[in-house]
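Engineer: First the structure, then my questions, so here it is.
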Protein chains: 2
Amino acid sequence: MSDLSGQLLAVLQAVLPGKGVKALHEPEFAGNEWAYVKECIDTGWVSSAGKYVDEFEVRLAQFTGAKHVVAVVNGTAALQIALQLAGVQTGEEVLVPGLTFVATANAVVHCRGVPHFVDSADATLGIDPQALRIYLADIAEPTAGGWRNRVTGRRLAALVPMHALGHPIDMPKILDIAAQYALPVIEDAAESLGSSLFGRHTGTFGLMGTLSFNGNKIVTTGGGGAILTDDAELARHAKHLTTTAKRPHRWEFFHDEVGFNYRLPNLNAALGCAQLERLPDMLARKRRLAQSYRAQFAATTGMEFIDEPAGAMSNFWLNAVRIAGNIAERDAILAALNDAGYQCRPIWTLLHRLPMYESCPRAPLPVAQRLEARVIKLPSGASLVKS
Amino acid sequence: MSDLSGQLLAVLQAVLPGKGVKALHEPEFAGNEWAYVKECIDTGWVSSAGKYVDEFEVRLAQFTGAKHVVAVVNGTAALQIALQLAGVQTGEEVLVPGLTFVATANAVVHCRGVPHFVDSADATLGIDPQALRIYLADIAEPTAGGWRNRVTGRRLAALVPMHALGHPIDMPKILDIAAQYALPVIEDAAESLGSSLFGRHTGTFGLMGTLSFNGNKIVTTGGGGAILTDDAELARHAKHLTTTAKRPHRWEFFHDEVGFNYRLPNLNAALGCAQLERLPDMLARKRRLAQSYRAQFAATTGMEFIDEPAGAMSNFWLNAVRIAGNIAERDAILAALNDAGYQCRPIWTLLHRLPMYESCPRAPLPVAQRLEARVIKLPSGASLVKS
């Protein structure tokens with residue numbers, strides 16, 4: 001076992017002692033989940049109408065500070081609809097991080113755009129504003145209808161910053177650059193429910209933001225997502241599009257756009273309402289877990305805990321560490337840690353390495369490449385820490 | 001009140017006496033729904049992995065006779081993926097009924113095709129094979145890569161028969177025509193779980209079939225759908241595409257196609273497993289309700305109960321009646337019946353009347369137009385009939 005593997009294992013054993021597999025992330029149902037879900041079944045309201053789906057939107061708005069929330073079937077659907085409403089047209093380019101979960105790019109393709117990958121900042125793992133500014137100054141040129149990529153000739157239609165592992169990126173700088181290039185900003189906050197920057201919740205800086213409530217997220221609805229926005233008309237349109245674009249009528253089936261069947265079912269929203277009630281407690285325990293990791297990693301060499309950026313309050317959705325090394329070393333460490341019962345994962349494969357995204361436009365990605373080889377995600381569920 | 005309204009109201013009062021609103025369709029949870037859902041919550045398996053989603057697929061395969069089943073988030077998603085796997089490419093035409101729920105056409109657009117509307121048969125409400133044969137002989141021309149619409153020049157890529165209100169259409173004739181024009185057949189069986197033709201379940205005649213478990217369906221999962229097929233490779237590919245196209249690996253995030261986050265959550269599948277256990281009983285009660293309607297309508301004039309076609313066993317998802325009249329008369333009747341507490345609905349607005357589908361290619365639709373003006377759907381939930 002390498003020195004790095006040994007040190008990492010020692011950290012994990014100190015932070016998470018005891019037997020049994022330590023999951024990367026697990027949901028925790030310790031509140032009103034039963035009661036609310038049972039009420040859905042007892043009353044028959046399990047599907048796309050019902051009180052919990054409206055209530056879930058209200059509670060998410062209260063928690064995040066977004067003026068409007070539209071609950072949908074998952075985070076990918078949320079991002080797809082937000083991009084469509086931001087005006088992305090077929091074949092236009094959407095700037096996304098090269099280092100993110102594949103769904104960020106998939107959503108761009110689902111709304112018929114072309115992902116265009118940009119580099120990350122070492123500190124936040126998310127888009128690096130400074131590198132983005134330099135890159136856009138090089139490749140963007142103004143046209144009558146906005147800015148286009150001078151290399152491909154395609155319009156630059158939107159910018160999707162993503163708060164990786166829950167750590168907020170520098171949104172004021174991102175917004176400043178976006179304004180310069182007339183780019184609508186859609187924040188992919190799939191991983192950052194509970195994370196804020198300068199006191200403002202992630203997903204509420206841009207034109208729209210999106211959340212995910214997949215089973216591996218801090219709050220789960222089984223499968224689910226949401227669109228956040230302060231724009232009443234965008235919210236109305238998002239709800240309309242995600243509910244088959246049906247015009248309200250006592251009996252008529254009149255739909256006025258190509259809509260989607262993307263409404264979050266009431267059954268899933270009931271779970272979400274109960275989960276949100278316990279979110280502050282889960283955030284507090286995840287913060288304590290991060291503190292344990294931070295303290296343990298302080299005594300190691302050749303590796304560094306990935307901490308919340310300055311000015312940010314992270315949800316520490318997934319704790320992670322940067323190691324010195326390359327992908328082969330990373331994989332040897334992952335094998336050793338997983339063999340020992342600690343579910344550890346790399347950060348994602350860079351999207352331009354995936355066959356379907358090989359030919360997409362991209363900026364130089366030196367930092368993302370370094371992070372790809374060096375970041376290891378660690379077991380992080382709130383249930384690993386006692387209340 | 002018109003004579004037709006009066007007669008219809010008398011039928012409804014005879015079939016469904018008593019106070020209170022009679023819903024068009026309501027779910028019924030009287031079996032293991034709560035036990036199974038509770039187990040999901042207690043074990044933490046609520047999301048895209050878990051035993052119920054696999055079990056739901058197995059039970060659906062047993063019930064329908066399909067060799068393979070892939071459970072997804074809803075019927076629209078099922079149809080979109082089936083069309084993509086059938087080879088529908090951007091801008092190609094997919095033949096769909098002009099008279100169907102809007103999701104049939106939306107799914108075509110979601111996979112970047114163009115809906116092409118064809119006429120219905122008066123007896124089944126679904127695609128009329130005879131009219132289709134005459135129409136295709138007129139507009140289809142052979143090319144090296146299949147058949148194309150000689151008017152638009154676009155390839156005819158697939159055919160989507162839909163079993164409206166649960167009544168099976170004449171699939172052998174449809175398959176015969178499809179073979180002649182090399183059209184893959186994707187059966188939209190969203191409304192016809194439990195319906196069969198010549199002893200074979202709807203959705204299992206074509207290359208693939210799709211089901212829906214929305215809240216208004218005979219079996220509900222809150223929101224859900226499924227793809228049926230006898231082709232192992234199509235099933236494998238459908239599951240891969242609907243689970244973000246991730247290659248199995250102990251830790252690596254490697255996705256080899258633009259995938260979708262379309263997997264049915266385990267929480268919803270648990271509901272579905274319990275619902276399927278009670279499906280035979282619900283079908284029996286719905287059949288008794290249809291028998292009551294049939295008997296009452298036998299004594300009326302100027303209207304006719306829509307019965308199951310010859311050789312078919314319908315699930316009678318929604319009972320309906322044909323009236324003599326036009327849309328204005330229909331609407332007056334609908335107002336009277338809904339005012340009296342009977343949730344009645346028209347059949348759908350013809351899709352080419354919706355603004356987004358106005359310019360789509362279409363066959364002459366004389367029968368569909370007549371049906372649009374004359375079909376009224378009646379309260380039909382199994383829970384309206386005692387066990």
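Just so we're on the same page: first chain in the structure tokens is A, next is B, and so on; residues restart at 1 for each chain, and ligands are numbered from 1 in the order they show up.
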Write out as a ChimeraX atom specification every residue belonging to chain A that has an atom at most 7 Å from any atom of chain B, counting only C-alpha atoms.

Structural biologist: /A:27-29,34,38,41,44,46-47,76,106,214-215,222-223,251-259,261,265,267,345-346,348-349,354-356

Engineer: Just want the 8 Å neighbourhood of Ile81 in chain B, counted on only C-alpha atoms, with same-chain residues fewer than 6 positions away dropped. Output as a list in words.

Structural biologist: Cys111, Ala238, Leu241 and Thr242 of chain B

Engineer: Restricting the output to C-alpha atoms, write the selected residues as a JSON list (two decimals), in the first residue's frame.

Structural biologist:
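Wrote again-v3.json, looks like this:
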```json
[["chain", "number", "residue", "atom", "x", "y", "z"],
["B", 111, "CYS", "CA", -36.65, 12.72, -30.34],
["B", 238, "ALA", "CA", -33.17, 1.27, -23.50],
["B", 241, "LEU", "CA", -29.93, 5.18, -22.32],
["B", 242, "THR", "CA", -32.40, 5.82, -19.51]]
```

Engineer: Calculate how many Å separate CA of Gln89 in chain B from CA of Leu234 in chain B, rounding to one decimal.

Structural biologist: 16.7 Å

Engineer: Between A:Pro172, A:Gly209, A:Pro248, A:Gly194, which has the minimum distance to Val160 in chain A (counting only C-alpha atoms)?

Structural biologist: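 Smallest separation from Val160 in chain A among the options: A:Gly209.
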
Engineer: Among the residues of range 191-373 of chain B, find those DSSP assigns to alpha helix (DSSP H) from the backbone and print them as a PyMOL selection string.

Structural biologist: chain B and resi 232-242+266-277+279-297+327-339+366-373

Engineer: Point out the residue among B:Asp231, B:Glu277, B:Glu329, B:Asp119 with the least atom-to-atom distance to His352 in chain B, counting only C-alpha atoms.

Structural biologist: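 Smallest distance to His352 in chain B is found for B:Asp119.
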
Engineer: Which of range 63-117 of chain B counts as strand (DSSP E or B) under DSSP, as a count of residues only please?

Structural biologist: 14

Engineer: Within 10 Å of range 195-203 of chain B, counting only C-alpha atoms, which residues qualify if same-chain residues fewer than 3 places away don't, as a ChimeraX atom specification?

Structural biologist: /B:63-66,161-163,166-172,185-192,206-211,227-229,283,308-317

Engineer: Pick from A:Leu279, A:Val151, A:Leu16, A:Val96: nearest to Ile139 in chain A, with only C-alpha atoms counted?

Structural biologist: A:Val151
